[in-house]
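Source file target.cif; content: mmCIF, C-alpha atoms and all ligand atoms.
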```cif
data_protein
loop_
_atom_site.label_atom_id
_atom_site.label_comp_id
_atom_site.auth_asym_id
_atom_site.auth_seq_id
_atom_site.Cartn_x
_atom_site.Cartn_y
_atom_site.Cartn_z
CA MET A 1045 23.93 -22.99 -18.01
CA LYS A 1046 22.24 -25.03 -20.74
CA LYS A 1047 18.90 -26.78 -20.53
CA VAL A 1048 17.68 -29.77 -22.49
CA SER A 1049 14.06 -30.89 -22.24
CA VAL A 1050 12.97 -34.48 -22.44
CA ASN A 1051 9.38 -34.34 -23.66
CA LEU A 1052 7.44 -37.39 -22.53
CA GLY A 1053 3.99 -36.01 -21.72
CA ARG A 1054 3.41 -36.11 -17.99
CA ASP A 1055 6.81 -37.76 -17.50
CA SER A 1056 8.66 -34.81 -19.05
CA TYR A 1057 11.72 -33.37 -17.33
CA GLU A 1058 14.63 -31.05 -17.76
CA ILE A 1059 18.36 -31.68 -17.84
CA LYS A 1060 20.29 -28.70 -16.52
CA ILE A 1061 23.95 -28.56 -17.46
CA GLY A 1062 26.53 -26.18 -16.01
CA ALA A 1063 29.58 -25.80 -13.79
CA GLY A 1064 28.75 -25.63 -10.08
CA ILE A 1065 25.10 -26.55 -10.54
CA LEU A 1066 25.16 -29.02 -7.62
CA ASN A 1067 25.32 -25.99 -5.32
CA GLU A 1068 21.85 -25.06 -6.54
CA ALA A 1069 20.24 -28.48 -6.05
CA GLY A 1070 18.20 -27.27 -3.06
CA GLU A 1071 16.69 -24.40 -5.02
CA TYR A 1072 15.78 -26.60 -7.96
CA LEU A 1073 14.18 -29.13 -5.65
CA SER A 1074 12.09 -26.41 -3.99
CA ALA A 1075 11.10 -25.10 -7.42
CA LEU A 1076 9.72 -28.57 -8.23
CA GLY A 1077 7.49 -28.30 -5.18
CA PHE A 1078 9.45 -30.47 -2.77
CA SER A 1079 10.14 -29.41 0.79
CA ASP A 1080 11.23 -30.60 4.24
CA ARG A 1081 12.99 -33.90 3.49
CA ALA A 1082 15.21 -35.52 0.91
CA VAL A 1083 17.32 -38.66 0.69
CA VAL A 1084 20.62 -38.84 -1.17
CA ILE A 1085 21.91 -42.21 -2.42
CA ALA A 1086 25.57 -42.16 -3.41
CA ASP A 1087 28.47 -44.53 -3.78
CA GLU A 1088 31.20 -43.87 -1.23
CA THR A 1089 33.51 -42.13 -3.69
CA ALA A 1090 30.87 -39.70 -4.95
CA ALA A 1091 29.68 -39.15 -1.37
CA ASN A 1092 33.21 -38.28 -0.21
CA LEU A 1093 33.78 -35.92 -3.11
CA TYR A 1094 30.41 -34.19 -3.42
CA GLY A 1095 28.20 -35.28 -0.50
CA ASP A 1096 28.92 -32.09 1.45
CA THR A 1097 28.14 -29.85 -1.53
CA ILE A 1098 24.74 -31.45 -1.90
CA GLY A 1099 24.08 -31.59 1.83
CA GLN A 1100 24.82 -27.87 2.20
CA SER A 1101 22.72 -26.90 -0.78
CA LEU A 1102 19.75 -28.90 0.50
CA ALA A 1103 20.15 -27.59 4.05
CA GLY A 1104 20.25 -24.05 2.65
CA SER A 1105 16.81 -24.63 1.15
CA GLY A 1106 15.44 -26.06 4.39
CA PHE A 1107 15.72 -29.78 3.62
CA ASP A 1108 16.41 -32.32 6.31
CA THR A 1109 18.60 -34.79 4.39
CA ALA A 1110 19.57 -38.40 4.95
CA ILE A 1111 22.56 -39.66 2.97
CA VAL A 1112 22.88 -43.38 2.28
CA THR A 1113 26.06 -44.79 0.75
CA PHE A 1114 27.25 -48.10 -0.68
CA PRO A 1115 30.65 -49.32 -2.01
CA PRO A 1116 31.56 -48.07 -5.51
CA GLY A 1117 31.73 -50.26 -8.60
CA GLU A 1118 29.66 -52.51 -10.84
CA ALA A 1119 29.77 -55.26 -8.16
CA SER A 1120 27.34 -53.10 -6.15
CA LYS A 1121 24.69 -53.06 -8.89
CA THR A 1122 22.75 -55.92 -7.32
CA LEU A 1123 19.51 -56.85 -5.63
CA ASP A 1124 21.53 -57.15 -2.40
CA THR A 1125 22.47 -53.46 -2.58
CA ALA A 1126 18.87 -52.60 -3.46
CA ALA A 1127 17.68 -54.59 -0.42
CA GLU A 1128 20.18 -52.78 1.80
CA LEU A 1129 18.93 -49.46 0.45
CA TYR A 1130 15.27 -50.44 1.05
CA THR A 1131 16.20 -51.18 4.67
CA ARG A 1132 17.83 -47.79 5.06
CA LEU A 1133 14.81 -46.07 3.49
CA CYS A 1134 12.51 -47.85 5.95
CA GLU A 1135 14.73 -46.76 8.85
CA ALA A 1136 14.76 -43.17 7.60
CA LYS A 1137 10.95 -43.33 7.28
CA VAL A 1138 11.07 -42.13 3.71
CA GLU A 1139 7.62 -41.29 2.36
CA ARG A 1140 6.11 -41.30 -1.12
CA MET A 1141 6.77 -37.61 -1.66
CA THR A 1142 10.35 -37.69 -0.37
CA PRO A 1143 12.64 -36.97 -3.33
CA MET A 1144 15.53 -39.38 -3.83
CA LEU A 1145 18.72 -37.91 -5.27
CA ALA A 1146 21.12 -40.31 -7.01
CA LEU A 1147 24.63 -38.84 -6.70
CA GLY A 1148 27.31 -40.71 -8.64
CA GLY A 1149 28.07 -42.50 -11.88
CA GLY A 1150 25.95 -44.91 -13.88
CA VAL A 1151 26.06 -47.59 -11.21
CA THR A 1152 24.51 -45.25 -8.64
CA GLY A 1153 21.96 -43.92 -11.12
CA ASP A 1154 20.92 -47.44 -12.10
CA VAL A 1155 20.65 -49.00 -8.64
CA ALA A 1156 19.24 -45.91 -6.89
CA GLY A 1157 16.88 -45.45 -9.84
CA PHE A 1158 15.73 -49.06 -9.48
CA VAL A 1159 15.08 -48.52 -5.79
CA ALA A 1160 13.27 -45.24 -6.52
CA ALA A 1161 11.09 -47.01 -9.09
CA THR A 1162 10.05 -49.74 -6.67
CA TYR A 1163 10.10 -48.35 -3.14
CA LEU A 1164 6.51 -47.39 -2.19
CA ARG A 1165 5.73 -47.97 -5.90
CA GLY A 1166 7.83 -44.99 -6.86
CA LEU A 1167 9.71 -42.12 -5.24
CA PRO A 1168 10.47 -38.90 -7.14
CA LEU A 1169 13.95 -39.43 -8.59
CA ILE A 1170 16.54 -36.71 -9.22
CA GLN A 1171 19.67 -37.74 -11.11
CA LEU A 1172 22.92 -36.02 -10.12
CA PRO A 1173 25.36 -37.74 -12.52
CA THR A 1174 29.04 -37.31 -11.62
CA THR A 1175 30.80 -39.23 -14.41
CA LEU A 1176 30.87 -38.02 -18.00
CA LEU A 1177 29.26 -41.31 -19.03
CA ALA A 1178 26.41 -40.79 -16.58
CA GLN A 1179 25.93 -37.16 -17.69
CA VAL A 1180 25.69 -37.93 -21.38
CA ASP A 1181 24.09 -41.35 -21.21
CA SER A 1182 22.86 -43.27 -18.16
CA SER A 1183 21.07 -40.44 -16.32
CA ILE A 1184 18.87 -39.74 -19.36
CA GLY A 1185 16.11 -41.95 -20.65
CA GLY A 1186 14.72 -43.72 -17.62
CA LYS A 1187 16.37 -47.13 -17.85
CA VAL A 1188 17.09 -48.32 -14.33
CA ALA A 1189 18.35 -51.78 -13.45
CA VAL A 1190 20.48 -54.13 -11.43
CA ASP A 1191 22.61 -57.05 -12.60
CA TYR A 1192 21.57 -60.59 -11.68
CA GLN A 1193 23.44 -63.89 -11.89
CA ARG A 1194 26.19 -62.29 -13.93
CA LEU A 1195 23.71 -60.91 -16.45
CA LYS A 1196 23.90 -57.16 -16.82
CA ASN A 1197 20.81 -54.98 -16.36
CA ILE A 1198 18.55 -58.02 -16.36
CA ILE A 1199 16.15 -56.81 -13.63
CA GLY A 1200 14.88 -53.29 -14.08
CA ALA A 1201 12.28 -50.83 -15.20
CA PHE A 1202 11.64 -47.72 -17.22
CA TYR A 1203 11.40 -44.96 -14.66
CA GLN A 1204 12.02 -41.38 -15.69
CA PRO A 1205 13.67 -38.93 -13.29
CA ARG A 1206 11.99 -35.64 -12.38
CA LEU A 1207 15.16 -33.66 -13.00
CA VAL A 1208 18.77 -34.22 -14.06
CA LEU A 1209 21.53 -31.87 -12.86
CA ALA A 1210 24.81 -32.37 -14.71
CA ASP A 1211 27.52 -30.39 -12.91
CA LEU A 1212 30.48 -30.00 -15.26
CA SER A 1213 32.94 -29.15 -12.49
CA VAL A 1214 32.82 -32.76 -11.20
CA ILE A 1215 34.47 -34.02 -14.39
CA ARG A 1216 37.82 -32.66 -13.13
CA THR A 1217 38.12 -35.39 -10.51
CA LEU A 1218 37.68 -38.19 -13.04
CA SER A 1219 40.67 -40.13 -14.36
CA THR A 1220 41.72 -39.74 -17.99
CA ARG A 1221 40.40 -43.24 -18.65
CA GLN A 1222 36.99 -42.37 -17.18
CA VAL A 1223 36.79 -39.27 -19.37
CA SER A 1224 37.69 -41.30 -22.47
CA ASP A 1225 35.02 -43.81 -21.48
CA GLY A 1226 32.40 -41.07 -21.60
CA LEU A 1227 33.86 -39.66 -24.80
CA ALA A 1228 33.26 -42.99 -26.54
CA GLU A 1229 29.50 -42.48 -26.05
CA VAL A 1230 29.81 -38.81 -27.05
CA ILE A 1231 31.54 -39.76 -30.31
CA LYS A 1232 28.84 -42.39 -30.80
CA TYR A 1233 26.14 -39.69 -30.71
CA GLY A 1234 27.85 -37.62 -33.40
CA THR A 1235 28.47 -40.69 -35.51
CA ILE A 1236 24.91 -42.00 -35.45
CA LYS A 1237 22.94 -38.81 -35.56
CA ASP A 1238 24.71 -35.49 -36.10
CA ALA A 1239 27.47 -34.83 -38.62
CA SER A 1240 27.97 -31.25 -37.43
CA PHE A 1241 28.46 -32.44 -33.83
CA PHE A 1242 30.96 -35.00 -35.10
CA GLU A 1243 32.87 -32.18 -36.82
CA TYR A 1244 32.75 -30.09 -33.65
CA LEU A 1245 34.27 -32.98 -31.70
CA ASP A 1246 36.92 -33.54 -34.35
CA LYS A 1247 37.98 -29.88 -34.23
CA ASN A 1248 37.83 -29.44 -30.45
CA ILE A 1249 38.87 -32.77 -28.99
CA ASP A 1250 42.03 -31.42 -27.33
CA THR A 1251 40.18 -28.50 -25.73
CA ILE A 1252 37.53 -30.93 -24.50
CA ARG A 1253 40.12 -33.25 -23.00
CA ASN A 1254 41.62 -30.24 -21.20
CA PHE A 1255 38.32 -29.80 -19.31
CA ASN A 1256 37.48 -26.48 -20.93
CA ILE A 1257 34.10 -25.71 -19.37
CA ASP A 1258 32.52 -24.10 -22.46
CA ALA A 1259 33.54 -27.06 -24.60
CA MET A 1260 32.29 -29.53 -21.98
CA GLU A 1261 28.97 -27.68 -21.81
CA GLU A 1262 28.63 -28.01 -25.56
CA VAL A 1263 29.58 -31.70 -25.47
CA VAL A 1264 27.23 -32.67 -22.65
CA SER A 1265 24.28 -30.60 -23.88
CA ARG A 1266 24.49 -31.77 -27.50
CA SER A 1267 24.87 -35.37 -26.39
CA ALA A 1268 21.92 -35.01 -24.02
CA GLN A 1269 19.87 -33.48 -26.85
CA ILE A 1270 20.56 -36.40 -29.15
CA LYS A 1271 19.76 -39.00 -26.53
CA ALA A 1272 16.65 -37.11 -25.39
CA GLY A 1273 15.43 -36.88 -28.99
CA LEU A 1274 15.67 -40.64 -29.45
CA VAL A 1275 14.06 -41.37 -26.08
CA GLU A 1276 11.17 -39.03 -26.91
CA VAL A 1277 10.24 -40.88 -30.07
CA ASP A 1278 10.86 -44.38 -28.68
CA GLU A 1279 10.87 -44.41 -24.89
CA ARG A 1280 10.67 -48.20 -24.60
CA ASP A 1281 13.48 -48.98 -27.03
CA PHE A 1282 11.64 -50.91 -29.73
CA ASN A 1283 12.53 -48.78 -32.76
CA GLU A 1284 14.52 -45.54 -33.18
CA ARG A 1285 16.23 -45.70 -29.78
CA ARG A 1286 18.00 -48.88 -30.89
CA VAL A 1287 20.55 -46.88 -32.91
CA LEU A 1288 22.08 -46.04 -29.52
CA ASN A 1289 23.38 -49.61 -29.62
CA PHE A 1290 25.85 -48.56 -32.29
CA GLY A 1291 29.21 -50.13 -31.43
CA HIS A 1292 27.66 -52.07 -28.56
CA THR A 1293 27.01 -55.42 -30.26
CA VAL A 1294 30.68 -56.20 -30.90
CA GLY A 1295 31.56 -53.97 -27.91
CA HIS A 1296 29.71 -56.20 -25.45
CA ALA A 1297 31.35 -59.30 -26.94
CA ILE A 1298 34.81 -57.73 -26.51
CA GLU A 1299 34.00 -56.79 -22.91
CA SER A 1300 32.81 -60.25 -22.02
CA VAL A 1301 35.57 -62.18 -23.83
CA SER A 1302 38.19 -59.95 -22.14
CA LYS A 1303 36.49 -60.74 -18.82
CA PHE A 1304 35.87 -57.01 -18.49
CA THR A 1305 39.56 -56.04 -18.55
CA THR A 1306 38.66 -54.00 -21.64
CA GLY A 1307 36.58 -51.08 -20.36
CA HIS A 1308 33.12 -50.29 -21.73
CA GLY A 1309 34.19 -47.16 -23.64
CA GLU A 1310 37.22 -48.95 -25.08
CA ALA A 1311 35.10 -51.87 -26.21
CA VAL A 1312 32.49 -49.54 -27.72
CA ALA A 1313 35.24 -47.68 -29.63
CA LEU A 1314 36.36 -50.98 -31.19
CA GLY A 1315 32.76 -52.01 -31.73
CA MET A 1316 32.07 -48.78 -33.63
CA LEU A 1317 35.05 -49.45 -35.88
CA ALA A 1318 33.84 -53.01 -36.47
CA ALA A 1319 30.37 -51.71 -37.36
CA GLY A 1320 31.98 -49.16 -39.70
CA ARG A 1321 33.96 -51.90 -41.46
CA ILE A 1322 30.86 -54.07 -41.79
CA SER A 1323 29.05 -51.08 -43.29
CA ILE A 1324 31.85 -50.70 -45.85
CA LYS A 1325 31.68 -54.40 -46.77
CA MET A 1326 27.97 -54.01 -47.37
CA GLY A 1327 28.63 -51.13 -49.76
CA LEU A 1328 27.08 -48.51 -47.49
CA PHE A 1329 29.91 -46.52 -45.94
CA SER A 1330 33.26 -45.10 -47.07
CA GLN A 1331 36.81 -46.03 -46.09
CA ARG A 1332 37.67 -42.34 -45.82
CA GLN A 1333 34.97 -41.71 -43.22
CA LEU A 1334 36.01 -44.82 -41.28
CA GLU A 1335 39.51 -43.36 -41.08
CA THR A 1336 38.10 -40.05 -39.79
CA LEU A 1337 36.23 -41.95 -37.06
CA GLU A 1338 39.35 -43.95 -36.18
CA GLN A 1339 41.46 -40.80 -35.89
CA LEU A 1340 38.92 -39.11 -33.62
CA LEU A 1341 38.76 -42.16 -31.33
CA LEU A 1342 42.56 -42.16 -31.11
CA LYS A 1343 42.62 -38.45 -30.26
CA ALA A 1344 40.02 -39.14 -27.57
CA GLY A 1345 42.38 -41.62 -25.90
CA LEU A 1346 40.48 -44.70 -27.06
CA PRO A 1347 41.93 -47.88 -28.58
CA VAL A 1348 41.59 -48.66 -32.28
CA LYS A 1349 43.39 -52.00 -32.22
CA MET A 1350 41.71 -55.21 -31.12
CA PRO A 1351 43.04 -56.93 -28.02
CA ARG A 1352 44.08 -60.53 -28.74
CA ALA A 1353 41.13 -62.87 -28.41
CA ASP A 1354 39.80 -66.09 -29.77
CA ILE A 1355 37.52 -65.33 -32.74
CA SER A 1356 35.25 -68.29 -32.02
CA ALA A 1357 34.79 -67.08 -28.42
CA MET A 1358 33.91 -63.67 -29.84
CA MET A 1359 31.39 -65.16 -32.27
CA LYS A 1360 29.90 -67.20 -29.45
CA ALA A 1361 29.57 -64.08 -27.31
CA LEU A 1362 27.80 -62.48 -30.26
CA GLY A 1363 25.30 -65.32 -30.24
CA HIS A 1364 26.76 -66.90 -33.35
CA ASP A 1365 28.17 -70.29 -32.57
CA LYS A 1366 28.50 -72.91 -35.28
CA LYS A 1367 24.86 -73.91 -35.02
CA SER A 1368 23.59 -70.63 -36.32
CA VAL A 1369 25.22 -70.69 -39.77
CA GLY A 1370 23.52 -68.11 -41.92
CA GLY A 1371 21.87 -66.56 -38.86
CA LYS A 1372 21.36 -62.80 -38.74
CA ILE A 1373 21.38 -60.39 -35.86
CA ASN A 1374 20.27 -56.80 -35.51
CA PHE A 1375 23.20 -54.55 -36.13
CA VAL A 1376 23.50 -50.76 -36.24
CA LEU A 1377 25.25 -49.74 -39.47
CA LEU A 1378 26.38 -46.45 -40.99
CA ARG A 1379 25.54 -44.78 -44.27
CA SER A 1380 27.76 -41.83 -43.39
CA LEU A 1381 29.09 -40.09 -40.29
CA GLY A 1382 25.89 -38.78 -38.70
CA ASP A 1383 23.57 -41.31 -40.32
CA ALA A 1384 22.99 -44.73 -38.75
CA PHE A 1385 20.23 -47.32 -39.06
CA VAL A 1386 19.32 -50.73 -37.67
CA SER A 1387 19.87 -53.58 -40.11
CA ASN A 1388 18.86 -57.20 -39.69
CA ASP A 1389 20.77 -58.13 -42.77
CA VAL A 1390 24.28 -58.74 -41.44
CA GLY A 1391 25.38 -62.34 -41.84
CA HIS A 1392 27.71 -63.86 -39.28
CA GLU A 1393 30.30 -64.54 -42.00
CA THR A 1394 30.65 -60.80 -42.56
CA ILE A 1395 31.13 -60.15 -38.86
CA GLU A 1396 33.71 -62.92 -38.58
CA GLU A 1397 35.60 -61.61 -41.60
CA VAL A 1398 35.74 -58.10 -40.12
CA LEU A 1399 36.89 -59.37 -36.73
CA ARG A 1400 39.68 -61.35 -38.41
CA GLU A 1401 40.79 -58.32 -40.39
CA MET A 1402 40.81 -56.21 -37.23
CA TYR A 1403 42.92 -58.78 -35.36
CA GLU A 1404 45.36 -59.08 -38.24
CA ALA A 1405 45.73 -55.31 -38.38
CA SER A 1406 46.54 -55.25 -34.65
N1 LIG A 1501 20.67 -46.62 -17.55
C1 LIG A 1501 21.25 -46.45 -18.70
O1 LIG A 1501 20.64 -46.04 -19.70
C2 LIG A 1501 22.72 -46.72 -18.81
C3 LIG A 1501 23.43 -46.30 -19.95
C4 LIG A 1501 24.80 -46.51 -19.97
C5 LIG A 1501 25.45 -47.14 -18.91
N2 LIG A 1501 24.73 -47.55 -17.83
C6 LIG A 1501 25.36 -48.19 -16.68
O2 LIG A 1501 26.29 -47.27 -16.12
C7 LIG A 1501 27.29 -48.01 -15.42
C8 LIG A 1501 28.63 -47.39 -15.71
O3 LIG A 1501 28.63 -46.05 -15.29
P1 LIG A 1501 29.96 -45.29 -14.87
O4 LIG A 1501 30.96 -45.49 -15.92
O5 LIG A 1501 29.57 -43.94 -14.48
O6 LIG A 1501 30.48 -46.18 -13.65
P2 LIG A 1501 30.41 -45.98 -12.05
O7 LIG A 1501 29.13 -45.47 -11.60
O8 LIG A 1501 30.89 -47.27 -11.49
O9 LIG A 1501 31.53 -44.87 -11.82
C9 LIG A 1501 32.86 -45.18 -12.08
C10 LIG A 1501 33.74 -44.86 -10.88
O10 LIG A 1501 33.90 -43.45 -10.79
C11 LIG A 1501 33.67 -43.00 -9.47
N3 LIG A 1501 33.22 -41.62 -9.59
C12 LIG A 1501 31.98 -41.17 -9.86
N4 LIG A 1501 32.00 -39.84 -10.02
C13 LIG A 1501 33.27 -39.44 -9.86
C14 LIG A 1501 33.93 -38.19 -9.92
N5 LIG A 1501 33.27 -37.06 -10.25
N6 LIG A 1501 35.26 -38.15 -9.69
C15 LIG A 1501 35.95 -39.28 -9.41
N7 LIG A 1501 35.40 -40.48 -9.36
C16 LIG A 1501 34.07 -40.57 -9.57
C17 LIG A 1501 32.67 -43.98 -8.93
O11 LIG A 1501 32.71 -44.00 -7.54
C18 LIG A 1501 33.17 -45.28 -9.53
O12 LIG A 1501 34.19 -45.82 -8.76
C19 LIG A 1501 27.16 -49.44 -15.86
O13 LIG A 1501 26.59 -50.21 -14.82
C20 LIG A 1501 26.19 -49.38 -17.04
O14 LIG A 1501 25.41 -50.54 -17.17
C21 LIG A 1501 23.38 -47.35 -17.77
ZN ZN A 1502 27.50 -47.70 -23.68
#
```
Since I need it in another form, could you write the structure as structure tokens?
Ligand SMILES: NC(=O)c1ccc[n+]([C@@H]2O[C@H](COP(=O)([O-])OP(=O)(O)OC[C@H]3O[C@@H](n4cnc5c(N)ncnc54)[C@H](O)[C@@H]3O)[C@@H](O)[C@H]2O)c1
Ligand SMILES: [Zn+2]
Amino acid sequence: MKKVSVNLGRDSYEIKIGAGILNEAGEYLSALGFSDRAVVIADETAANLYGDTIGQSLAGSGFDTAIVTFPPGEASKTLDTAAELYTRLCEAKVERMTPMLALGGGVTGDVAGFVAATYLRGLPLIQLPTTLLAQVDSSIGGKVAVDYQRLKNIIGAFYQPRLVLADLSVIRTLSTRQVSDGLAEVIKYGTIKDASFFEYLDKNIDTIRNFNIDAMEEVVSRSAQIKAGLVEVDERDFNERRVLNFGHTVGHAIESVSKFTTGHGEAVALGMLAAGRISIKMGLFSQRQLETLEQLLLKAGLPVKMPRADISAMMKALGHDKKSVGGKINFVLLRSLGDAFVSNDVGHETIEEVLREMYEAS
């Protein structure tokens, strides 16, 4: 098992990473001082797959557990789901010291986290992430939110969990596409912050994709370390933490223009390549390193060619319609693999040029 600490003063917590760790949830909860009762929030898929494991572990440590489920998918990340969950918490007579365990992917972590942050002004939250994306990204850092009026994550809070348990054995039930989705964020961490991690990924990508547990442990723990490090220095996302947006500016535009037929990881992969190309145009980054990044994304099962889309729709999605000629937006750029920074010096002409080149190459 590996442990990563997130040091945030009195809001500090540990991320425990290992195969089969969900079986020990009850013991870890007792060790944090909880007893008697717990509530598990899970989407139906995660509940079907791993609800019993958690239930048994909690029962074994003397917890009386209520499990509350909701339908899987982004469409559930709403105030309506939150309201439904509040109702169920009232019915179950959940109290301020009752720990809430969020079992599932990022959607579960975000909506259950939002409910934990607000119900009785805050319930102790334990994240039990079951997708690779949730293990390396959404369960760490305390951002919890729901979508509202088609705007993503627009209502939310910063609310740190008390513990994160990332069980590597759950990754086996994910689809190849879901694993690649998580790998996009993993590759992002190496690219923005850690050249040696990038090299590790480059050398071991096939082993990782074959669910080798030692390799997965390395991948999840090093990713968690990088994210935790950025959260520690900039919990509220005003400065250093913003480099985590690498690949996400163009990525979000691709997602929205494709009406979300392009998955998040796929869009981020393309967004990272766009950011790399912009960095080259600005004389910061090398063509050779861009090719290394592109090859790794390919080996991770991610796309490197742009889906067909209207460039002006893309620019509009990026907040650059014709009215903002000469306008600048914050953009995460690369100096080298492992070294990223936030620039506010990227003109929209440069972005448009890069998007055109990427479409023509596709
Ligand atoms: N809070 C943050 O900092 C943060 C960061 C990144 C992403 N997010 C959010 O995370 C969400 C995406 O997360 P996600 O990709 O995990 O999506 P998700 O939670 O919708 O999970 C994807 C699908 O996988 C299923 N699933 C979960 N675990 C499984 C398992 N072990 N085996 C088989 N199927 C399983 C789920 O039921 C769901 O159908 C988005 O809403 C995004 O906004 C939040
Ligand atoms: Zn992302």
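Near ligand ZN 1502 (chain A), the residues found within 10 Å are Leu1177, Ala1178, Asp1181, Ser1182, Asp1225, Gly1226, Ala1228, Glu1229, Val1230, Lys1232, Leu1288, Asn1289, Phe1290, Gly1291, His1292, Gly1295, His1296, His1308, Gly1309, Glu1310, Ala1311, Val1312 and Ala1313 of chain A (criterion computed using only C-alpha atoms and all ligand atoms).
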Which neighbours of segment 1185-1187 of chain A fall inside 12 Å, counting all atoms listed in the file, when residues of the same chain fewer than 5 positions from it are skipped, and could you give them as an mmCIF file with C-alpha atoms, keeping the file's coordinate frame?
```cif
data_model
loop_
_atom_site.group_PDB
_atom_site.id
_atom_site.type_symbol
_atom_site.label_atom_id
_atom_site.label_comp_id
_atom_site.auth_asym_id
_atom_site.auth_seq_id
_atom_site.Cartn_x
_atom_site.Cartn_y
_atom_site.Cartn_z
ATOM 1 C CA SER A 1049 14.060 -30.890 -22.240
ATOM 2 C CA VAL A 1050 12.970 -34.480 -22.440
ATOM 3 C CA ASN A 1051 9.380 -34.340 -23.660
ATOM 4 C CA LEU A 1052 7.440 -37.390 -22.530
ATOM 5 C CA ASP A 1055 6.810 -37.760 -17.500
ATOM 6 C CA SER A 1056 8.660 -34.810 -19.050
ATOM 7 C CA TYR A 1057 11.720 -33.370 -17.330
ATOM 8 C CA GLU A 1058 14.630 -31.050 -17.760
ATOM 9 C CA ILE A 1059 18.360 -31.680 -17.840
ATOM 10 C CA GLY A 1150 25.950 -44.910 -13.880
ATOM 11 C CA VAL A 1151 26.060 -47.590 -11.210
ATOM 12 C CA GLY A 1153 21.960 -43.920 -11.120
ATOM 13 C CA ASP A 1154 20.920 -47.440 -12.100
ATOM 14 C CA VAL A 1155 20.650 -49.000 -8.640
ATOM 15 C CA ALA A 1156 19.240 -45.910 -6.890
ATOM 16 C CA GLY A 1157 16.880 -45.450 -9.840
ATOM 17 C CA PHE A 1158 15.730 -49.060 -9.480
ATOM 18 C CA ALA A 1160 13.270 -45.240 -6.520
ATOM 19 C CA ALA A 1161 11.090 -47.010 -9.090
ATOM 20 C CA LEU A 1169 13.950 -39.430 -8.590
ATOM 21 C CA ILE A 1170 16.540 -36.710 -9.220
ATOM 22 C CA GLN A 1171 19.670 -37.740 -11.110
ATOM 23 C CA ALA A 1178 26.410 -40.790 -16.580
ATOM 24 C CA GLN A 1179 25.930 -37.160 -17.690
ATOM 25 C CA VAL A 1180 25.690 -37.930 -21.380
ATOM 26 C CA ASN A 1197 20.810 -54.980 -16.360
ATOM 27 C CA ILE A 1198 18.550 -58.020 -16.360
ATOM 28 C CA ILE A 1199 16.150 -56.810 -13.630
ATOM 29 C CA GLY A 1200 14.880 -53.290 -14.080
ATOM 30 C CA ALA A 1201 12.280 -50.830 -15.200
ATOM 31 C CA PHE A 1202 11.640 -47.720 -17.220
ATOM 32 C CA TYR A 1203 11.400 -44.960 -14.660
ATOM 33 C CA GLN A 1204 12.020 -41.380 -15.690
ATOM 34 C CA PRO A 1205 13.670 -38.930 -13.290
ATOM 35 C CA ARG A 1206 11.990 -35.640 -12.380
ATOM 36 C CA LEU A 1207 15.160 -33.660 -13.000
ATOM 37 C CA VAL A 1208 18.770 -34.220 -14.060
ATOM 38 C CA ALA A 1268 21.920 -35.010 -24.020
ATOM 39 C CA GLN A 1269 19.870 -33.480 -26.850
ATOM 40 C CA ILE A 1270 20.560 -36.400 -29.150
ATOM 41 C CA LYS A 1271 19.760 -39.000 -26.530
ATOM 42 C CA ALA A 1272 16.650 -37.110 -25.390
ATOM 43 C CA GLY A 1273 15.430 -36.880 -28.990
ATOM 44 C CA LEU A 1274 15.670 -40.640 -29.450
ATOM 45 C CA VAL A 1275 14.060 -41.370 -26.080
ATOM 46 C CA GLU A 1276 11.170 -39.030 -26.910
ATOM 47 C CA VAL A 1277 10.240 -40.880 -30.070
ATOM 48 C CA ASP A 1278 10.860 -44.380 -28.680
ATOM 49 C CA GLU A 1279 10.870 -44.410 -24.890
ATOM 50 C CA ARG A 1280 10.670 -48.200 -24.600
ATOM 51 C CA ASP A 1281 13.480 -48.980 -27.030
ATOM 52 C CA ARG A 1285 16.230 -45.700 -29.780
ATOM 53 C CA LEU A 1288 22.080 -46.040 -29.520
#
```
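Each of A:Leu1377, A:Leu1093, A:Val1294, A:Ala1127 was checked against ligand LIG 1501 (chain A) using only C-alpha atoms and all ligand atoms; the smallest atom-to-atom distance is that of A:Leu1093.
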Padding 8 Å on every side, please: axis-aligned box over the listed atoms of ligand LIG 1501 (chain A), centre and edge lengths to one decimal in Å, as lines of an AutoDock Vina configuration file.
```
center_x = 28.3
center_y = -43.8
center_z = -13.8
size_x = 31.3
size_y = 29.5
size_z = 28.4
```
Contacts of Val1138 of chain A at 12 Å (only C-alpha atoms; same-chain gap of 3+ positions) as a PyMOL selection string: chain A and resi 1080-1084+1108-1112+1129-1135+1141-1144+1160+1163-1164+1166-1168
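Shortest separation to Ser1267 of chain A among A:Asp1383, A:Asp1238, A:Asp1389, A:Glu1088 occurs at residue A:Asp1238, atoms counted being all atoms listed in the file.
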Distance criterion (only C-alpha atoms): nearest to Thr1097 of chain A out of A:Thr1306, A:Ser1074, A:Ser1079, A:Asn1067: A:Asn1067
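Excluding Thr1113 of chain A and any residue on its chain fewer than 5 positions from it, the residues at most 10 Å away by all atoms listed in the file are A:Val1084, A:Ile1085, A:Ala1086, A:Asp1087, A:Glu1088, A:Thr1089, A:Ala1090, A:Ala1091, A:Asn1092, A:Gly1095, A:Thr1125, A:Glu1128, A:Leu1129, A:Arg1132, A:Leu1147, A:Thr1152.
With distances restricted to only C-alpha atoms and all ligand atoms, A:Val1190 is the closest residue to ligand LIG 1501 (chain A) from A:Val1190, A:Ile1061, A:Ala1075, A:Ala1357.
Closest approach to ligand LIG 1501 (chain A) among A:Glu1404, A:Asp1211, A:Glu1397, A:Glu1071: A:Asp1211, based on all atoms listed in the file.
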